[in-house]
Amino acid sequence: MAPNISRRNFIKKSTAAGVGAALMGPGSATESMAQTGGEGGSLPVVISSANGLEAVKKAMELLKAGSDPLDAVIAGVNIVEDDPNDMSVGYGGLPNEDGEVELDASCMHGPTHRAGAVGALKCIKNPSKVARLVMERSNRIFLVGEGALRFALAHGFKKENLLTDKAREIWLQWKDNLSTHDDWEPPKDKEGNPITHGTINCNAVDTHGSVAGVTTTSGLPFKVAGRVGDSALIGAGLYLDNEVGAAGSTGHGEANIKVAGAHTVVEFMRQGIQPEEACLRALQRIVDVQKRTAKWYGDLQNVNFYAVNKKGQYAAAAIFSESRYSVATAEGARRLDSAYLLKKPAAPKK
Ligand code: GLY
């Protein structure tokens with residue numbers, strides 16, 4: 001069945017608008033024009049964050065050739081991990097506050113319901129491959145830091161310098177501009193926009209309805225050394241159940257961890273809720289938590305969820321408008337608009 005890429009969903013979220021008004025002042029719109037897919041579902045399908053267009057193409061090519069869905073999504077995200085121009089993932093990712101690149105990744109394989117993950121991994125540019133090895137070559141699920149590095153080296157990975165000159169210059173610029181009052185404010189790019197979170201999440205369902213997913217990131221730029229975000233956490237940055245489907249995230253890791261976001265999306269889908277609505281409901285939980293705690297936790301930052309169910313119906317949604325995602329079906333790969341809860345606030349006038 002042809003994917004439903006032209007269908008436009010008009011979503012009213014008056015509750016969210018109330019939260020938005022409380023958090024951001026007046027002017028938050030409540031209408032989303034999202035592009036979702038697969039009215040009745042079509043297989044195979046691969047979905048990822050917007051930076052994964054080449055990843056979903058690669059994964060689809062492999063699925064069509066009969067690959068296991070986990071092989072497919074890991075080969076897909078390896079393209080982004082290897083790309084020095086994607087500064088949110090793998091080689092060329094922005095470093096921690098000490099100028100060291102620390103990578104997080106997780107993966108899950110639906111048919112065997114196995115999982116693997118690494119956190120704060122240095123010197124290895126493909127943490128998704130190491131996460132997969134943890135899954136396949138150990139009885140454990142999550143290795144971090146020095147132990148994760150030793151595990152990778154024992155399995156033949158080679159140490160590499162992951163800090164590109166471009167990333168180092170941005171880190172130096174951030175250090176030059178550190179506030180004397182508060183070392184923890186978000187770094188800014190050359191235009192003065194905050195540099196926040198990158199990451200790639202990629203999920204696939206093959207022609208038999210078998211599901212797999214992976215999430216990989218260099219995490220929050222200039223983070224405290226040792227900080228691990230949602231991407232490495234099964235249930236937050238990635239979750240799947242072969243009986244239901246898969247979900248993953250990009251964006252503000254801490255906000256997502258507090259609601260176990262990817263697991264929440266999958267559990268909504270288990271109840272028969274369509275992927276788009278499942279993502280929006282999980283995002284609403286983040287907004288509700290923020291509303292209750294904003295006094296202590298500061299401004300709301302964006303979180304994106306990407307979801308696909310076993311039938312091949314898929315969607316992505318974000319807290320704020322203007323987010324996109326990538327998808328590949330048998331008909332080809334493209335970027336689509338994500339659903340959202342709140343209209344992105346205008347940038348402050350300089
Ligand atoms: N979602 C990526 C991170 O917060 O590290």
# chains A, B, ... in the order shown; residues from 1 in each chain; ligands from 1
>>> residues_near_ligand(ligand="ligand 1", cutoff="12 Å", atoms="only C-alpha atoms and all ligand atoms", output="JSON list (two decimals) with N, CA, C and O atoms, in the first residue's frame")
[["chain", "number", "residue", "atom", "x", "y", "z"],
["A", 49, "SER", "N", 15.46, 10.31, 12.85],
["A", 49, "SER", "CA", 15.50, 11.76, 13.00],
["A", 49, "SER", "C", 15.88, 12.38, 11.66],
["A", 49, "SER", "O", 16.35, 11.70, 10.74],
["A", 88, "SER", "N", 26.63, 16.14, 16.15],
["A", 88, "SER", "CA", 25.84, 15.65, 17.28],
["A", 88, "SER", "C", 25.98, 14.14, 17.47],
["A", 88, "SER", "O", 25.38, 13.58, 18.38],
["A", 89, "VAL", "N", 26.81, 13.53, 16.62],
["A", 89, "VAL", "CA", 26.89, 12.07, 16.60],
["A", 89, "VAL", "C", 28.31, 11.66, 16.23],
["A", 89, "VAL", "O", 28.90, 12.23, 15.31],
["A", 93, "GLY", "N", 31.61, 14.86, 16.66],
["A", 93, "GLY", "CA", 30.62, 15.31, 17.64],
["A", 93, "GLY", "C", 31.24, 16.35, 18.58],
["A", 93, "GLY", "O", 32.45, 16.34, 18.82],
["A", 94, "LEU", "N", 30.40, 17.26, 19.08],
["A", 94, "LEU", "CA", 30.93, 18.28, 20.01],
["A", 94, "LEU", "C", 31.34, 17.61, 21.32],
["A", 94, "LEU", "O", 30.67, 16.69, 21.80],
["A", 95, "PRO", "N", 32.44, 18.08, 21.91],
["A", 95, "PRO", "CA", 32.99, 17.40, 23.09],
["A", 95, "PRO", "C", 32.31, 17.79, 24.39],
["A", 95, "PRO", "O", 31.44, 18.67, 24.42],
["A", 96, "ASN", "N", 32.77, 17.16, 25.48],
["A", 96, "ASN", "CA", 32.31, 17.55, 26.81],
["A", 96, "ASN", "C", 33.05, 18.83, 27.25],
["A", 96, "ASN", "O", 33.83, 19.40, 26.48],
["A", 102, "GLU", "N", 32.63, 12.24, 24.16],
["A", 102, "GLU", "CA", 32.10, 11.08, 24.88],
["A", 102, "GLU", "C", 30.80, 10.68, 24.22],
["A", 102, "GLU", "O", 29.87, 11.50, 24.13],
["A", 103, "LEU", "N", 30.71, 9.42, 23.78],
["A", 103, "LEU", "CA", 29.57, 8.99, 22.97],
["A", 103, "LEU", "C", 28.67, 8.02, 23.74],
["A", 103, "LEU", "O", 29.16, 7.21, 24.54],
["A", 104, "ASP", "N", 27.37, 8.10, 23.44],
["A", 104, "ASP", "CA", 26.37, 7.20, 24.03],
["A", 104, "ASP", "C", 25.62, 6.50, 22.89],
["A", 104, "ASP", "O", 25.34, 7.14, 21.86],
["A", 105, "ALA", "N", 25.24, 5.25, 23.09],
["A", 105, "ALA", "CA", 24.41, 4.56, 22.09],
["A", 105, "ALA", "C", 23.69, 3.38, 22.71],
["A", 105, "ALA", "O", 24.15, 2.81, 23.71],
["A", 106, "SER", "N", 22.56, 3.05, 22.11],
["A", 106, "SER", "CA", 21.83, 1.84, 22.52],
["A", 106, "SER", "C", 21.21, 1.19, 21.29],
["A", 106, "SER", "O", 20.98, 1.86, 20.29],
["A", 119, "GLY", "N", 27.76, 3.99, 27.37],
["A", 119, "GLY", "CA", 27.66, 5.39, 27.77],
["A", 119, "GLY", "C", 29.03, 5.97, 28.02],
["A", 119, "GLY", "O", 29.94, 5.27, 28.47],
["A", 120, "ALA", "N", 29.17, 7.27, 27.69],
["A", 120, "ALA", "CA", 30.42, 8.00, 27.93],
["A", 120, "ALA", "C", 31.63, 7.25, 27.37],
["A", 120, "ALA", "O", 32.68, 7.16, 28.01],
["A", 195, "ILE", "N", 23.26, 26.11, 21.22],
["A", 195, "ILE", "CA", 23.55, 24.79, 20.67],
["A", 195, "ILE", "C", 23.04, 23.81, 21.70],
["A", 195, "ILE", "O", 23.52, 23.79, 22.83],
["A", 196, "THR", "N", 22.06, 23.01, 21.34],
["A", 196, "THR", "CA", 21.51, 22.10, 22.35],
["A", 196, "THR", "C", 21.82, 20.65, 21.99],
["A", 196, "THR", "O", 22.97, 20.25, 22.03],
["A", 197, "HIS", "N", 20.81, 19.88, 21.61],
["A", 197, "HIS", "CA", 21.01, 18.44, 21.49],
["A", 197, "HIS", "C", 20.89, 17.97, 20.04],
["A", 197, "HIS", "O", 20.03, 18.43, 19.31],
["A", 198, "GLY", "N", 21.73, 17.03, 19.65],
["A", 198, "GLY", "CA", 21.61, 16.40, 18.34],
["A", 198, "GLY", "C", 21.16, 14.97, 18.52],
["A", 198, "GLY", "O", 20.24, 14.73, 19.27],
["A", 199, "THR", "N", 21.86, 14.03, 17.89],
["A", 199, "THR", "CA", 21.53, 12.59, 18.03],
["A", 199, "THR", "C", 20.87, 12.05, 16.77],
["A", 199, "THR", "O", 20.22, 12.78, 16.05],
["A", 200, "ILE", "N", 21.02, 10.75, 16.55],
["A", 200, "ILE", "CA", 20.17, 10.05, 15.57],
["A", 200, "ILE", "C", 19.52, 8.84, 16.22],
["A", 200, "ILE", "O", 20.18, 8.07, 16.92],
["A", 201, "ASN", "N", 18.22, 8.74, 16.01],
["A", 201, "ASN", "CA", 17.49, 7.51, 16.34],
["A", 201, "ASN", "C", 17.01, 6.92, 15.01],
["A", 201, "ASN", "O", 16.58, 7.68, 14.14],
["A", 215, "THR", "N", 19.89, 4.13, 18.76],
["A", 215, "THR", "CA", 20.02, 5.56, 19.00],
["A", 215, "THR", "C", 21.49, 5.83, 19.33],
["A", 215, "THR", "O", 22.08, 5.08, 20.12],
["A", 216, "THR", "N", 22.07, 6.86, 18.72],
["A", 216, "THR", "CA", 23.49, 7.13, 18.93],
["A", 216, "THR", "C", 23.74, 8.63, 18.93],
["A", 216, "THR", "O", 23.11, 9.37, 18.17],
["A", 217, "THR", "N", 24.67, 9.08, 19.79],
["A", 217, "THR", "CA", 24.83, 10.52, 19.99],
["A", 217, "THR", "C", 26.18, 10.86, 20.61],
["A", 217, "THR", "O", 26.80, 10.01, 21.27],
["A", 218, "SER", "N", 26.59, 12.13, 20.42],
["A", 218, "SER", "CA", 27.70, 12.65, 21.22],
["A", 218, "SER", "C", 27.14, 13.41, 22.42],
["A", 218, "SER", "O", 27.89, 13.96, 23.22],
["A", 219, "GLY", "N", 25.83, 13.44, 22.53],
["A", 219, "GLY", "CA", 25.18, 13.99, 23.73],
["A", 219, "GLY", "C", 25.17, 15.50, 23.77],
["A", 219, "GLY", "O", 25.45, 16.18, 22.79],
["A", 220, "LEU", "N", 24.84, 15.99, 24.91],
["A", 220, "LEU", "CA", 24.76, 17.43, 25.12],
["A", 220, "LEU", "C", 26.14, 18.06, 24.94],
["A", 220, "LEU", "O", 27.09, 17.65, 25.61],
["A", 221, "PRO", "N", 26.28, 19.05, 24.03],
["A", 221, "PRO", "CA", 27.59, 19.67, 23.87],
["A", 221, "PRO", "C", 28.10, 20.27, 25.18],
["A", 221, "PRO", "O", 27.33, 20.87, 25.93],
["A", 222, "PHE", "N", 29.39, 20.09, 25.46],
["A", 222, "PHE", "CA", 30.05, 20.71, 26.61],
["A", 222, "PHE", "C", 29.45, 20.25, 27.94],
["A", 222, "PHE", "O", 29.47, 20.97, 28.94],
["A", 223, "LYS", "N", 28.93, 19.03, 27.91],
["A", 223, "LYS", "CA", 28.34, 18.44, 29.12],
["A", 223, "LYS", "C", 29.42, 18.21, 30.18],
["A", 223, "LYS", "O", 30.61, 18.17, 29.87],
["A", 224, "VAL", "N", 28.97, 18.01, 31.39],
["A", 224, "VAL", "CA", 29.87, 17.59, 32.46],
["A", 224, "VAL", "C", 30.45, 16.22, 32.07],
["A", 224, "VAL", "O", 29.70, 15.35, 31.61],
["A", 226, "GLY", "N", 31.30, 12.58, 31.91],
["A", 226, "GLY", "CA", 30.60, 11.45, 32.53],
["A", 226, "GLY", "C", 29.09, 11.52, 32.43],
["A", 226, "GLY", "O", 28.40, 10.54, 32.75],
["A", 227, "ARG", "N", 28.57, 12.65, 31.95],
["A", 227, "ARG", "CA", 27.11, 12.75, 31.80],
["A", 227, "ARG", "C", 26.64, 11.78, 30.70],
["A", 227, "ARG", "O", 27.17, 11.76, 29.60],
["A", 228, "VAL", "N", 25.67, 10.94, 31.02],
["A", 228, "VAL", "CA", 25.06, 10.06, 30.02],
["A", 228, "VAL", "C", 23.62, 10.50, 29.85],
["A", 228, "VAL", "O", 22.90, 10.71, 30.83],
["A", 229, "GLY", "N", 23.20, 10.68, 28.61],
["A", 229, "GLY", "CA", 21.84, 11.15, 28.34],
["A", 229, "GLY", "C", 20.87, 10.00, 28.07],
["A", 229, "GLY", "O", 21.16, 8.83, 28.38],
["A", 230, "ASP", "N", 19.76, 10.36, 27.47],
["A", 230, "ASP", "CA", 18.71, 9.37, 27.23],
["A", 230, "ASP", "C", 19.07, 8.35, 26.16],
["A", 230, "ASP", "O", 18.57, 7.22, 26.17],
["A", 231, "SER", "N", 19.95, 8.73, 25.22],
["A", 231, "SER", "CA", 20.20, 7.86, 24.05],
["A", 231, "SER", "C", 20.70, 6.48, 24.44],
["A", 231, "SER", "O", 20.42, 5.49, 23.76],
["A", 232, "ALA", "N", 21.46, 6.42, 25.53],
["A", 232, "ALA", "CA", 22.03, 5.13, 25.95],
["A", 232, "ALA", "C", 21.08, 4.34, 26.83],
["A", 232, "ALA", "O", 21.36, 3.19, 27.15],
["A", 233, "LEU", "N", 19.98, 4.96, 27.21],
["A", 233, "LEU", "CA", 19.11, 4.31, 28.21],
["A", 233, "LEU", "C", 17.94, 3.61, 27.55],
["A", 233, "LEU", "O", 17.05, 4.25, 26.96],
["A", 236, "ALA", "N", 14.26, 4.99, 27.56],
["A", 236, "ALA", "CA", 14.19, 6.46, 27.42],
["A", 236, "ALA", "C", 14.46, 6.86, 25.97],
["A", 236, "ALA", "O", 13.55, 7.29, 25.25],
["A", 237, "GLY", "N", 15.72, 6.67, 25.51],
["A", 237, "GLY", "CA", 16.07, 7.06, 24.14],
["A", 237, "GLY", "C", 15.73, 6.02, 23.11],
["A", 237, "GLY", "O", 15.77, 6.29, 21.90],
["A", 238, "LEU", "N", 15.40, 4.81, 23.57],
["A", 238, "LEU", "CA", 15.05, 3.72, 22.64],
["A", 238, "LEU", "C", 14.26, 2.66, 23.39],
["A", 238, "LEU", "O", 14.61, 2.31, 24.52],
["A", 248, "GLY", "N", 11.95, 5.93, 19.53],
["A", 248, "GLY", "CA", 13.21, 6.50, 20.02],
["A", 248, "GLY", "C", 13.11, 8.01, 20.06],
["A", 248, "GLY", "O", 12.10, 8.59, 19.62],
["A", 249, "SER", "N", 14.17, 8.62, 20.55],
["A", 249, "SER", "CA", 14.08, 10.06, 20.79],
["A", 249, "SER", "C", 15.34, 10.78, 20.36],
["A", 249, "SER", "O", 16.42, 10.19, 20.24],
["A", 250, "THR", "N", 15.19, 12.09, 20.17],
["A", 250, "THR", "CA", 16.30, 13.03, 20.14],
["A", 250, "THR", "C", 15.85, 14.24, 20.97],
["A", 250, "THR", "O", 14.67, 14.41, 21.23],
["A", 251, "GLY", "N", 16.81, 15.07, 21.34],
["A", 251, "GLY", "CA", 16.45, 16.27, 22.09],
["A", 251, "GLY", "C", 16.92, 16.20, 23.53],
["A", 251, "GLY", "O", 17.89, 15.49, 23.85],
["A", 252, "HIS", "N", 16.23, 16.91, 24.39],
["A", 252, "HIS", "CA", 16.68, 17.11, 25.77],
["A", 252, "HIS", "C", 16.60, 15.81, 26.58],
["A", 252, "HIS", "O", 15.53, 15.40, 27.03],
["A", 253, "GLY", "N", 17.75, 15.20, 26.76],
["A", 253, "GLY", "CA", 17.80, 13.87, 27.37],
["A", 253, "GLY", "C", 17.22, 13.81, 28.77],
["A", 253, "GLY", "O", 16.48, 12.89, 29.10],
["A", 254, "GLU", "N", 17.56, 14.79, 29.59],
["A", 254, "GLU", "CA", 17.11, 14.73, 30.98],
["A", 254, "GLU", "C", 15.58, 14.78, 31.06],
["A", 254, "GLU", "O", 14.95, 14.05, 31.85],
["A", 255, "ALA", "N", 14.96, 15.63, 30.24],
["A", 255, "ALA", "CA", 13.50, 15.73, 30.24],
["A", 255, "ALA", "C", 12.87, 14.40, 29.85],
["A", 255, "ALA", "O", 11.87, 13.96, 30.43],
["A", 256, "ASN", "N", 13.50, 13.74, 28.87],
["A", 256, "ASN", "CA", 12.96, 12.47, 28.39],
["A", 256, "ASN", "C", 13.15, 11.35, 29.41],
["A", 256, "ASN", "O", 12.25, 10.54, 29.64],
["A", 257, "ILE", "N", 14.32, 11.30, 30.03],
["A", 257, "ILE", "CA", 14.60, 10.23, 31.01],
["A", 257, "ILE", "C", 13.52, 10.24, 32.10],
["A", 257, "ILE", "O", 13.06, 9.18, 32.55],
["A", 258, "LYS", "N", 13.10, 11.43, 32.49],
["A", 258, "LYS", "CA", 12.17, 11.52, 33.62],
["A", 258, "LYS", "C", 10.79, 10.94, 33.32],
["A", 258, "LYS", "O", 10.02, 10.69, 34.25],
["A", 261, "GLY", "N", 10.57, 8.02, 28.09],
["A", 261, "GLY", "CA", 9.77, 8.39, 26.93],
["A", 261, "GLY", "C", 9.55, 7.30, 25.89],
["A", 261, "GLY", "O", 8.40, 7.06, 25.48],
["A", 262, "ALA", "N", 10.61, 6.64, 25.41],
["A", 262, "ALA", "CA", 10.42, 5.67, 24.32],
["A", 262, "ALA", "C", 9.53, 4.51, 24.79],
["A", 262, "ALA", "O", 8.66, 4.03, 24.05],
["A", 301, "GLN", "N", 12.85, 22.60, 26.98],
["A", 301, "GLN", "CA", 13.63, 22.39, 25.76],
["A", 301, "GLN", "C", 12.98, 21.28, 24.93],
["A", 301, "GLN", "O", 12.24, 20.46, 25.45],
["A", 302, "ASN", "N", 13.33, 21.27, 23.65],
["A", 302, "ASN", "CA", 12.62, 20.38, 22.74],
["A", 302, "ASN", "C", 13.00, 18.90, 22.94],
["A", 302, "ASN", "O", 14.14, 18.57, 23.24],
["A", 303, "VAL", "N", 12.01, 18.05, 22.75],
["A", 303, "VAL", "CA", 12.21, 16.60, 22.68],
["A", 303, "VAL", "C", 11.42, 16.11, 21.46],
["A", 303, "VAL", "O", 10.33, 16.61, 21.18],
["A", 304, "ASN", "N", 12.01, 15.18, 20.72],
["A", 304, "ASN", "CA", 11.36, 14.56, 19.55],
["A", 304, "ASN", "C", 11.22, 13.06, 19.80],
["A", 304, "ASN", "O", 12.15, 12.43, 20.30],
["A", 305, "PHE", "N", 10.07, 12.51, 19.39],
["A", 305, "PHE", "CA", 9.93, 11.05, 19.36],
["A", 305, "PHE", "C", 9.65, 10.60, 17.93],
["A", 305, "PHE", "O", 8.97, 11.32, 17.17]]
>>> residues_around(residues="region 163-170 of chain A", least_positions_apart="5", cutoff="9 Å", atoms="only C-alpha atoms", output="PyMOL selection string")
chain A and resi 84-85+87+91-95+99-101+175+189-190
>>> write_last_selection(atoms="N, CA, C and O atoms", output="compact mmCIF listing (two decimals), in the first residue's frame")
# COMPACT_ATOMS: atom_id res chain seq x y z
N PRO A 84 31.96 13.74 9.74
CA PRO A 84 32.48 14.79 10.63
C PRO A 84 31.60 16.04 10.63
O PRO A 84 31.69 16.87 11.54
N ASN A 85 30.74 16.18 9.62
CA ASN A 85 29.89 17.37 9.56
C ASN A 85 28.63 17.27 10.41
O ASN A 85 27.95 18.26 10.61
N MET A 87 27.67 17.20 13.88
CA MET A 87 28.39 17.48 15.13
C MET A 87 27.61 17.05 16.36
O MET A 87 27.87 17.50 17.47
N TYR A 91 32.07 10.60 15.17
CA TYR A 91 33.26 11.38 14.81
C TYR A 91 32.85 12.81 14.48
O TYR A 91 31.92 13.03 13.70
N GLY A 92 33.54 13.79 15.07
CA GLY A 92 33.19 15.19 14.83
C GLY A 92 32.12 15.72 15.76
O GLY A 92 31.75 16.89 15.69
N GLY A 93 31.61 14.86 16.66
CA GLY A 93 30.62 15.31 17.64
C GLY A 93 31.24 16.35 18.58
O GLY A 93 32.45 16.34 18.82
N LEU A 94 30.40 17.26 19.08
CA LEU A 94 30.93 18.28 20.01
C LEU A 94 31.34 17.61 21.32
O LEU A 94 30.67 16.69 21.80
N PRO A 95 32.44 18.08 21.91
CA PRO A 95 32.99 17.40 23.09
C PRO A 95 32.31 17.79 24.39
O PRO A 95 31.44 18.67 24.42
N GLY A 99 36.71 19.11 26.59
CA GLY A 99 37.20 18.98 25.22
C GLY A 99 37.35 17.54 24.77
O GLY A 99 38.00 17.27 23.77
N GLU A 100 36.74 16.60 25.49
CA GLU A 100 36.80 15.18 25.09
C GLU A 100 35.45 14.73 24.57
O GLU A 100 34.40 15.01 25.18
N VAL A 101 35.47 14.03 23.44
CA VAL A 101 34.23 13.52 22.86
C VAL A 101 33.83 12.25 23.62
O VAL A 101 34.62 11.30 23.71
N LYS A 175 34.32 28.02 25.55
CA LYS A 175 35.11 28.31 26.77
C LYS A 175 35.37 29.81 26.91
O LYS A 175 35.29 30.38 27.99
N ASP A 189 25.86 29.23 19.17
CA ASP A 189 26.61 29.16 17.92
C ASP A 189 26.99 30.58 17.50
O ASP A 189 26.72 31.55 18.23
N LYS A 190 27.58 30.72 16.27
CA LYS A 190 28.07 32.03 15.86
C LYS A 190 26.95 33.06 15.75
O LYS A 190 27.17 34.26 15.88
>>> select_by_dssp(residues="region 152-315 of chain A", states="helix (DSSP H, G or I)", output="ChimeraX atom specification")
/A:152-154,165-176,230-232,253-257,261-270,275-297
>>> residues_around(residues="region 143-155 of chain A", least_positions_apart="6", cutoff="8 Å", atoms="only C-alpha atoms", output="PyMOL selection string")
chain A and resi 117-124+130+134+226
>>> select_by_dssp(residues="region 64-298 of chain A", states="strand (DSSP E or B)", output="PyMOL selection string")
chain A and resi 103-109+114-121+142-144+188+194+200-205+211-217+234+238-241+245-251
>>> residues_around(residues="Phe320 (chain A)", least_positions_apart="6", cutoff="10 Å", atoms="only C-alpha atoms", output="list in words")
Gly20, Ser28, Ser32, Leu283, Leu300, Gln301, Asn302, Val303, Asn304, Ser338, Ala339, Tyr340, Leu341, Leu342, Lys343, Lys344 and Pro345 of chain A
>>> write_last_selection(atoms="N, CA, C and O atoms", output="compact mmCIF listing (two decimals), in the first residue's frame")
# COMPACT_ATOMS: atom_id res chain seq x y z
N GLY A 20 2.00 25.93 27.35
CA GLY A 20 2.91 26.79 26.59
C GLY A 20 2.76 28.23 27.01
O GLY A 20 3.75 28.95 27.20
N SER A 28 1.51 31.10 21.70
CA SER A 28 1.75 29.72 21.33
C SER A 28 0.58 29.20 20.50
O SER A 28 -0.54 29.20 20.95
N SER A 32 -1.01 21.75 14.52
CA SER A 32 0.12 21.06 13.94
C SER A 32 -0.26 20.53 12.57
O SER A 32 -1.36 20.04 12.38
N LEU A 283 4.99 13.20 24.82
CA LEU A 283 5.53 14.57 24.90
C LEU A 283 4.72 15.40 25.89
O LEU A 283 5.27 16.23 26.64
N LEU A 300 11.64 25.04 29.17
CA LEU A 300 11.32 23.82 28.44
C LEU A 300 12.19 23.73 27.18
O LEU A 300 12.27 24.68 26.42
N GLN A 301 12.85 22.60 26.98
CA GLN A 301 13.63 22.39 25.76
C GLN A 301 12.98 21.28 24.93
O GLN A 301 12.24 20.46 25.45
N ASN A 302 13.33 21.27 23.65
CA ASN A 302 12.62 20.38 22.74
C ASN A 302 13.00 18.90 22.94
O ASN A 302 14.14 18.57 23.24
N VAL A 303 12.01 18.05 22.75
CA VAL A 303 12.21 16.60 22.68
C VAL A 303 11.42 16.11 21.46
O VAL A 303 10.33 16.61 21.18
N ASN A 304 12.01 15.18 20.72
CA ASN A 304 11.36 14.56 19.55
C ASN A 304 11.22 13.06 19.80
O ASN A 304 12.15 12.43 20.30
N SER A 338 7.23 16.85 11.40
CA SER A 338 6.75 16.17 12.61
C SER A 338 5.51 16.88 13.15
O SER A 338 5.35 18.09 12.97
N ALA A 339 4.67 16.13 13.83
CA ALA A 339 3.59 16.74 14.62
C ALA A 339 4.20 17.50 15.79
O ALA A 339 5.38 17.30 16.11
N TYR A 340 3.44 18.35 16.42
CA TYR A 340 4.00 19.07 17.57
C TYR A 340 2.90 19.52 18.52
O TYR A 340 1.72 19.56 18.17
N LEU A 341 3.34 19.84 19.72
CA LEU A 341 2.40 20.33 20.74
C LEU A 341 2.33 21.85 20.75
O LEU A 341 1.26 22.41 20.97
N LEU A 342 3.46 22.51 20.60
CA LEU A 342 3.53 23.96 20.81
C LEU A 342 4.27 24.64 19.67
O LEU A 342 5.26 24.10 19.17
N LYS A 343 3.79 25.82 19.30
CA LYS A 343 4.51 26.55 18.25
C LYS A 343 5.82 27.06 18.83
O LYS A 343 5.88 27.55 19.94
N LYS A 344 6.89 26.88 18.03
CA LYS A 344 8.22 27.30 18.48
C LYS A 344 8.22 28.78 18.80
O LYS A 344 7.80 29.59 17.96
N PRO A 345 8.70 29.16 19.96
CA PRO A 345 8.71 30.60 20.29
C PRO A 345 9.67 31.35 19.37
O PRO A 345 10.70 30.80 18.97
>>> atom_distance(atom1="CA of Ala260 (chain A)", atom2="CA of Gly235 (chain A)")
5.4 Å
